[in-house]
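One file, my_file27.cif, carrying mmCIF, C-alpha atoms, pLDDT in the B column; chains and numbers go by the auth columns:
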data_run
loop_
_atom_site.group_PDB
_atom_site.id
_atom_site.type_symbol
_atom_site.label_atom_id
_atom_site.label_comp_id
_atom_site.label_asym_id
_atom_site.label_seq_id
_atom_site.Cartn_x
_atom_site.Cartn_y
_atom_site.Cartn_z
_atom_site.B_iso_or_equiv
_atom_site.auth_seq_id
_atom_site.auth_asym_id
ATOM 1 C CA MET A 1 -217.681 24.306 130.574 56.00 8 A
ATOM 2 C CA LYS A 2 -214.575 26.334 129.746 66.00 9 A
ATOM 3 C CA PRO A 3 -213.972 29.581 131.622 68.00 10 A
ATOM 4 C CA ALA A 4 -214.616 32.703 129.570 80.00 11 A
ATOM 5 C CA ILE A 5 -211.533 34.256 128.007 83.00 12 A
ATOM 6 C CA ASP A 6 -211.029 37.961 128.684 83.00 13 A
ATOM 7 C CA ILE A 7 -209.722 38.803 125.228 89.00 14 A
ATOM 8 C CA ASP A 8 -209.324 42.516 125.889 83.00 15 A
ATOM 9 C CA SER A 9 -206.822 41.772 128.647 85.00 16 A
ATOM 10 C CA LEU A 10 -204.533 40.051 126.113 85.00 17 A
ATOM 11 C CA ARG A 11 -203.450 43.141 124.204 88.00 18 A
ATOM 12 C CA THR A 12 -199.718 43.703 124.359 87.00 19 A
ATOM 13 C CA GLU A 13 -198.147 47.135 124.668 88.00 20 A
ATOM 14 C CA HIS A 14 -196.210 46.846 121.400 88.00 21 A
ATOM 15 C CA GLU A 15 -199.274 46.204 119.211 89.00 22 A
ATOM 16 C CA SER A 16 -200.611 48.952 116.984 89.00 23 A
ATOM 17 C CA ASP A 17 -204.360 49.529 116.995 89.00 24 A
ATOM 18 C CA GLU A 18 -204.596 47.876 113.584 89.00 25 A
ATOM 19 C CA GLN A 19 -202.666 44.778 114.649 90.00 26 A
ATOM 20 C CA TRP A 20 -204.656 44.485 117.844 93.00 27 A
ATOM 21 C CA GLU A 21 -207.997 44.712 116.034 92.00 28 A
ATOM 22 C CA VAL A 22 -207.000 41.948 113.625 92.00 29 A
ATOM 23 C CA ARG A 23 -205.623 39.695 116.378 93.00 30 A
ATOM 24 C CA ARG A 24 -208.643 40.436 118.560 94.00 31 A
ATOM 25 C CA SER A 25 -211.011 39.516 115.703 94.00 32 A
ATOM 26 C CA PHE A 26 -209.179 36.222 115.228 94.00 33 A
ATOM 27 C CA MET A 27 -209.473 35.405 118.933 94.00 34 A
ATOM 28 C CA GLU A 28 -213.147 36.418 119.063 93.00 35 A
ATOM 29 C CA GLU A 29 -213.894 34.131 116.137 93.00 36 A
ATOM 30 C CA HIS A 30 -212.183 31.122 117.733 94.00 37 A
ATOM 31 C CA LYS A 31 -212.565 31.682 121.481 92.00 38 A
ATOM 32 C CA ASP A 32 -214.993 28.786 121.835 91.00 39 A
ATOM 33 C CA ASP A 33 -212.833 26.381 119.822 91.00 40 A
ATOM 34 C CA PHE A 34 -209.555 26.443 121.778 92.00 41 A
ATOM 35 C CA GLU A 35 -208.161 26.702 125.263 91.00 42 A
ATOM 36 C CA GLU A 36 -206.831 30.165 126.099 90.00 43 A
ATOM 37 C CA LYS A 37 -203.116 29.315 125.773 93.00 44 A
ATOM 38 C CA GLU A 38 -203.536 27.701 122.354 95.00 45 A
ATOM 39 C CA LEU A 39 -205.781 30.521 121.151 94.00 46 A
ATOM 40 C CA ILE A 40 -203.143 33.104 122.119 94.00 47 A
ATOM 41 C CA VAL A 41 -200.435 31.205 120.247 96.00 48 A
ATOM 42 C CA LEU A 42 -202.568 30.735 117.127 96.00 49 A
ATOM 43 C CA ALA A 43 -203.552 34.408 117.083 96.00 50 A
ATOM 44 C CA GLN A 44 -199.919 35.479 117.447 94.00 51 A
ATOM 45 C CA LEU A 45 -198.851 33.161 114.628 96.00 52 A
ATOM 46 C CA PHE A 46 -201.580 34.653 112.460 95.00 53 A
ATOM 47 C CA THR A 47 -200.521 38.246 113.088 94.00 54 A
ATOM 48 C CA ASN A 48 -196.847 37.346 112.615 94.00 55 A
ATOM 49 C CA ILE A 49 -197.703 35.936 109.195 94.00 56 A
ATOM 50 C CA GLU A 50 -200.069 38.752 108.227 89.00 57 A
ATOM 51 C CA PHE A 51 -198.047 41.736 109.417 90.00 58 A
ATOM 52 C CA LEU A 52 -194.438 40.567 109.555 91.00 59 A
ATOM 53 C CA GLY A 53 -194.375 38.088 106.690 92.00 60 A
ATOM 54 C CA CYS A 54 -193.156 35.274 108.948 94.00 61 A
ATOM 55 C CA ARG A 55 -193.146 31.733 107.604 95.00 62 A
ATOM 56 C CA TYR A 56 -193.622 28.515 109.554 96.00 63 A
ATOM 57 C CA PRO A 57 -193.668 24.806 108.666 96.00 64 A
ATOM 58 C CA PRO A 58 -196.226 24.032 105.914 96.00 65 A
ATOM 59 C CA ILE A 59 -198.645 22.264 108.251 96.00 66 A
ATOM 60 C CA THR A 60 -198.728 25.330 110.527 96.00 67 A
ATOM 61 C CA MET A 61 -199.167 27.711 107.585 96.00 68 A
ATOM 62 C CA LYS A 62 -202.073 25.626 106.283 96.00 69 A
ATOM 63 C CA ARG A 63 -203.751 25.497 109.692 96.00 70 A
ATOM 64 C CA ILE A 64 -203.448 29.253 110.194 96.00 71 A
ATOM 65 C CA ALA A 65 -204.669 29.933 106.634 95.00 72 A
ATOM 66 C CA THR A 66 -207.771 27.831 107.288 95.00 73 A
ATOM 67 C CA LEU A 67 -208.480 29.417 110.665 96.00 74 A
ATOM 68 C CA SER A 68 -207.917 32.963 109.441 94.00 75 A
ATOM 69 C CA GLU A 69 -209.942 32.915 106.203 93.00 76 A
ATOM 70 C CA LYS A 70 -212.727 35.218 107.404 92.00 77 A
ATOM 71 C CA VAL A 71 -210.529 37.571 109.416 92.00 78 A
ATOM 72 C CA SER A 72 -207.937 37.820 106.623 87.00 79 A
ATOM 73 C CA ALA A 73 -210.561 38.545 103.991 83.00 80 A
ATOM 74 C CA LYS A 74 -212.124 41.270 106.116 84.00 81 A
ATOM 75 C CA TYR A 75 -208.726 42.832 106.912 79.00 82 A
ATOM 76 C CA ARG A 76 -207.510 42.748 103.315 79.00 83 A
ATOM 77 C CA GLU A 77 -210.757 44.302 102.107 76.00 84 A
ATOM 78 C CA SER A 78 -210.322 47.132 104.613 72.00 85 A
ATOM 79 C CA ARG A 79 -206.790 47.705 103.274 71.00 86 A
ATOM 80 C CA ARG A 80 -207.841 47.771 99.626 72.00 87 A
ATOM 81 C CA ASN A 81 -208.236 51.551 99.396 68.00 88 A
ATOM 82 C CA LYS A 82 -205.373 52.502 101.702 65.00 89 A
ATOM 83 C CA LEU A 83 -202.043 53.856 100.543 56.00 90 A
ATOM 84 C CA LYS A 84 -199.516 51.191 99.723 61.00 91 A
ATOM 85 C CA ARG A 85 -195.801 51.297 100.333 63.00 92 A
ATOM 86 C CA THR A 86 -193.469 50.675 97.455 65.00 93 A
ATOM 87 C CA PHE A 87 -190.032 49.365 98.181 68.00 94 A
ATOM 88 C CA VAL A 88 -187.142 49.996 95.830 67.00 95 A
ATOM 89 C CA GLU A 89 -183.501 49.082 96.045 76.00 96 A
ATOM 90 C CA ALA A 90 -181.226 51.860 97.225 76.00 97 A
ATOM 91 C CA SER A 91 -179.263 51.712 93.971 76.00 98 A
ATOM 92 C CA ASP A 92 -182.472 52.249 91.948 73.00 99 A
ATOM 93 C CA ALA A 93 -183.487 55.196 94.129 67.00 100 A
ATOM 94 C CA ALA A 94 -180.032 56.754 93.773 71.00 101 A
ATOM 95 C CA GLU A 95 -180.139 56.289 90.008 76.00 102 A
ATOM 96 C CA GLN A 96 -183.565 57.935 89.757 75.00 103 A
ATOM 97 C CA LYS A 97 -182.420 60.832 91.911 73.00 104 A
ATOM 98 C CA ALA A 98 -179.316 61.291 89.754 73.00 105 A
ATOM 99 C CA LYS A 99 -181.444 61.290 86.571 76.00 106 A
ATOM 100 C CA ARG A 100 -183.719 63.968 88.006 73.00 107 A
ATOM 101 C CA THR A 101 -180.735 66.059 89.051 59.00 108 A
ATOM 102 C CA PHE A 102 -179.123 65.865 85.633 53.00 109 A
ATOM 103 C CA ASN A 103 -182.386 66.386 83.728 55.00 110 A
ATOM 104 C CA ASN A 104 -183.167 69.581 85.626 51.00 111 A
ATOM 105 C CA LYS A 105 -179.893 71.254 84.639 51.00 112 A
#
Let's see the structure in the file written out as C-alpha coordinates.
Amino acid sequence: MKPAIDIDSLRTEHESDEQWEVRRSFMEEHKDDFEEKELIVLAQLFTNIEFLGCRYPPITMKRIATLSEKVSAKYRESRRNKLKRTFVEASDAAEQKAKRTFNNK
(Lines of atoms letter the chains of each structure in order from A and count residues from 1; the text may use other names and numbers.)
(Lines give C-alpha, C1' and ligand atoms only; values in the text may rest on other atoms or scores of the structure.)
Protein backbone atom coordinates (compact mmCIF):
# COMPACT_ATOMS: atom_id res chain seq x y z
CA MET A 1 0.00 0.00 0.00
CA LYS A 2 1.36 3.40 -1.01
CA PRO A 3 1.57 6.13 1.63
CA ALA A 4 -1.06 8.84 1.26
CA ILE A 5 0.11 11.96 -0.55
CA ASP A 6 -0.50 15.25 1.26
CA ILE A 7 -1.41 17.22 -1.84
CA ASP A 8 -2.12 20.47 -0.01
CA SER A 9 1.47 20.57 1.23
CA LEU A 10 2.72 20.68 -2.39
CA ARG A 11 1.56 24.19 -3.23
CA THR A 12 4.42 26.47 -4.16
CA GLU A 13 4.59 30.11 -3.14
CA HIS A 14 4.68 31.40 -6.72
CA GLU A 15 1.41 29.74 -7.80
CA SER A 16 -1.71 31.83 -8.22
CA ASP A 17 -4.92 30.48 -6.71
CA GLU A 18 -6.14 29.56 -10.19
CA GLN A 19 -2.97 27.68 -11.10
CA TRP A 20 -2.93 25.88 -7.78
CA GLU A 21 -6.55 24.76 -8.11
CA VAL A 22 -5.91 23.32 -11.57
CA ARG A 23 -2.67 21.58 -10.52
CA ARG A 24 -4.32 20.34 -7.33
CA SER A 25 -7.25 18.91 -9.33
CA PHE A 26 -4.82 17.08 -11.61
CA MET A 27 -2.99 15.58 -8.63
CA GLU A 28 -6.24 14.61 -6.88
CA GLU A 29 -7.41 12.82 -10.00
CA HIS A 30 -4.19 10.81 -10.35
CA LYS A 31 -2.91 10.43 -6.79
CA ASP A 32 -3.64 6.71 -6.74
CA ASP A 33 -2.00 6.08 -10.12
CA PHE A 34 1.54 7.39 -9.54
CA GLU A 35 4.23 7.67 -6.92
CA GLU A 36 4.44 11.12 -5.35
CA LYS A 37 7.57 12.28 -7.22
CA GLU A 38 6.18 11.31 -10.63
CA LEU A 39 2.79 12.83 -9.83
CA ILE A 40 4.43 16.15 -8.92
CA VAL A 41 6.39 16.20 -12.18
CA LEU A 42 3.37 15.31 -14.31
CA ALA A 43 1.23 17.97 -12.62
CA GLN A 44 3.93 20.60 -13.15
CA LEU A 45 4.27 19.65 -16.82
CA PHE A 46 0.51 19.97 -17.18
CA THR A 47 0.37 23.44 -15.65
CA ASN A 48 3.41 24.56 -17.65
CA ILE A 49 1.60 23.55 -20.83
CA GLU A 50 -1.78 24.97 -19.79
CA PHE A 51 -0.66 28.29 -18.33
CA LEU A 52 2.71 29.04 -19.89
CA GLY A 53 2.29 27.47 -23.31
CA CYS A 54 5.36 25.27 -22.85
CA ARG A 55 6.01 22.49 -25.35
CA TYR A 56 7.72 19.17 -24.73
CA PRO A 57 8.60 16.14 -26.88
CA PRO A 58 5.51 14.72 -28.66
CA ILE A 59 5.33 11.61 -26.49
CA THR A 60 5.24 13.77 -23.34
CA MET A 61 2.63 16.11 -24.83
CA LYS A 62 0.43 13.14 -25.74
CA ARG A 63 0.76 11.60 -22.28
CA ILE A 64 -0.11 14.86 -20.53
CA ALA A 65 -3.04 15.48 -22.92
CA THR A 66 -4.45 12.04 -22.09
CA LEU A 67 -3.98 12.44 -18.34
CA SER A 68 -5.39 15.96 -18.25
CA GLU A 69 -8.54 15.51 -20.36
CA LYS A 70 -11.03 15.89 -17.50
CA VAL A 71 -9.16 18.61 -15.64
CA SER A 72 -8.51 20.60 -18.83
CA ALA A 73 -12.13 20.40 -19.92
CA LYS A 74 -13.35 21.57 -16.53
CA TYR A 75 -10.81 24.43 -16.42
CA ARG A 76 -11.52 25.60 -19.96
CA GLU A 77 -15.26 25.55 -19.30
CA SER A 78 -14.74 27.72 -16.22
CA ARG A 79 -12.76 30.19 -18.37
CA ARG A 80 -15.36 30.38 -21.12
CA ASN A 81 -17.15 33.45 -19.76
CA LYS A 82 -14.10 35.25 -18.39
CA LEU A 83 -12.48 38.25 -20.02
CA LYS A 84 -9.88 37.37 -22.60
CA ARG A 85 -6.65 39.17 -23.30
CA THR A 86 -5.94 40.30 -26.81
CA PHE A 87 -2.36 40.74 -27.86
CA VAL A 88 -1.40 43.12 -30.63
CA GLU A 89 1.95 44.09 -32.04
CA ALA A 90 3.33 47.37 -30.75
CA SER A 91 3.41 48.79 -34.28
CA ASP A 92 -0.32 48.03 -34.72
CA ALA A 93 -1.16 49.65 -31.38
CA ALA A 94 0.88 52.74 -32.28
CA GLU A 95 -0.84 52.97 -35.66
CA GLN A 96 -4.30 52.74 -34.08
CA LYS A 97 -3.40 55.38 -31.52
CA ALA A 98 -2.11 57.68 -34.27
CA LYS A 99 -5.33 57.21 -36.28
CA ARG A 100 -7.44 58.12 -33.25
CA THR A 101 -5.30 61.18 -32.58
CA PHE A 102 -5.57 62.41 -36.15
CA ASN A 103 -9.28 61.60 -36.47
CA ASN A 104 -10.16 63.60 -33.37
CA LYS A 105 -8.61 66.81 -34.70
(message) What's around region 39-56 of chain A at 10 Å? Count all atoms listed in the file, leave out sequence neighbours fewer than 3 positions away in its own chain, and write the answer as a PyMOL selection string.
(response) chain A and resi 9-14+17+26-27+29-36+59-63+67-68+70-72+74-75+78-79
(request) In Å, rounded to a single decimal, give me how far CA of Phe58 (chain A) is from CA of Glu28 (chain A). (result) 12.3 Å
(request) Could you check which of A:Ser98, A:Ala105, A:His37, A:Arg87 is closest to Thr73 (chain A), using only C-alpha atoms? (result)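 Once distances to Thr73 (chain A) are computed over only C-alpha atoms, the minimum belongs to A:His37.
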(request) Could you check how far CA of Lys77 (chain A) sits from CA of Glu25 (chain A), in Å to one decimal? (result)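 Between CA of Lys77 (chain A) and CA of Glu25 (chain A) the gap works out to 16.3 Å.
Here CA of Glu84 (chain A) stands at a distance of 26.7 Å from CA of Pro64 (chain A).
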